[in-house]
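*Asks:* Structure provided below as structure tokens; questions to follow.
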Amino acid sequence: MTTQKETGFTIRIEQELKDAFVATAKGQDRTASQVLRNFMRDYVKKNGQTDLFRQQQSKP
């Protein structure tokens, strides 16, 4: 089993946007963090750094 180091990410957004985002994610039975991680992975895959994911997938 491989272990990955985790890190935090802080952003500033309007309270109303945060509340709407969290509620929308919850309505899809997902956490806001899950949605953001998936968005970030997709963004990186589409806009560069695709080798990052190839390295992770090839590890046993």
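Going by the structure tokens order, chains are called A, B, ..., each with residues numbered from 1, while ligands are numbered from 1 in the order shown.
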Give me, as a list in words, all polymer residues having an atom no more than 12 Å from range 21-23 of chain A, counting only C-alpha atoms and skipping those fewer than 5 positions away in the same chain.

*Replies:*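 The filter keeps Ile13, Glu14, Gln15, Glu16, Gln28, Asp29, Arg30, Thr31, Ala32, Ser33, Gln34, Val35 and Leu36 of chain A.
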
*Asks:* Keeping N, CA and C atoms for every residue in the selection just given, could you write it to a file as a short mmCIF file (atom, residue, chain, number, x, y, z; two decimals), in the first residue's frame?

*Replies:*
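Here's the written file out25.cif:
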data_model
loop_
_atom_site.label_atom_id
_atom_site.label_comp_id
_atom_site.auth_asym_id
_atom_site.auth_seq_id
_atom_site.Cartn_x
_atom_site.Cartn_y
_atom_site.Cartn_z
N ILE A 13 -13.60 33.04 -0.44
CA ILE A 13 -14.76 33.18 -1.30
C ILE A 13 -15.89 33.79 -0.47
N GLU A 14 -16.91 34.26 -1.18
CA GLU A 14 -18.06 34.82 -0.49
C GLU A 14 -18.79 33.73 0.28
N GLN A 15 -19.34 34.08 1.44
CA GLN A 15 -20.06 33.12 2.28
C GLN A 15 -21.23 32.49 1.51
N GLU A 16 -21.93 33.30 0.73
CA GLU A 16 -23.08 32.79 -0.02
C GLU A 16 -22.66 31.73 -1.04
N GLN A 28 -25.88 16.02 -3.81
CA GLN A 28 -25.40 14.93 -4.67
C GLN A 28 -24.69 13.86 -3.85
N ASP A 29 -24.89 13.90 -2.53
CA ASP A 29 -24.29 12.94 -1.59
C ASP A 29 -22.77 12.92 -1.67
N ARG A 30 -22.19 14.11 -1.80
CA ARG A 30 -20.74 14.26 -1.86
C ARG A 30 -20.34 15.40 -0.93
N THR A 31 -19.10 15.39 -0.49
CA THR A 31 -18.60 16.50 0.30
C THR A 31 -18.02 17.54 -0.65
N ALA A 32 -17.94 18.76 -0.17
CA ALA A 32 -17.32 19.83 -0.96
C ALA A 32 -15.88 19.46 -1.30
N SER A 33 -15.19 18.85 -0.38
CA SER A 33 -13.79 18.45 -0.62
C SER A 33 -13.68 17.43 -1.75
N GLN A 34 -14.60 16.48 -1.79
CA GLN A 34 -14.58 15.50 -2.88
C GLN A 34 -14.76 16.18 -4.23
N VAL A 35 -15.72 17.09 -4.29
CA VAL A 35 -15.99 17.80 -5.54
C VAL A 35 -14.77 18.61 -5.97
N LEU A 36 -14.16 19.33 -5.03
CA LEU A 36 -12.99 20.15 -5.36
C LEU A 36 -11.80 19.30 -5.80
#

*Asks:* Report, in Å with one decimal, the straight-line distance from CA of Gln4 in chain A to CA of Met40 in chain A.

*Replies:*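 Interatomic distance, CA of Gln4 in chain A to CA of Met40 in chain A: 16.5 Å.
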
*Asks:* Provide the CA of Glu6 in chain A to CA of Val44 in chain A distance in Å, to one decimal place.

*Replies:*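 These atoms are spaced 17.2 Å apart.
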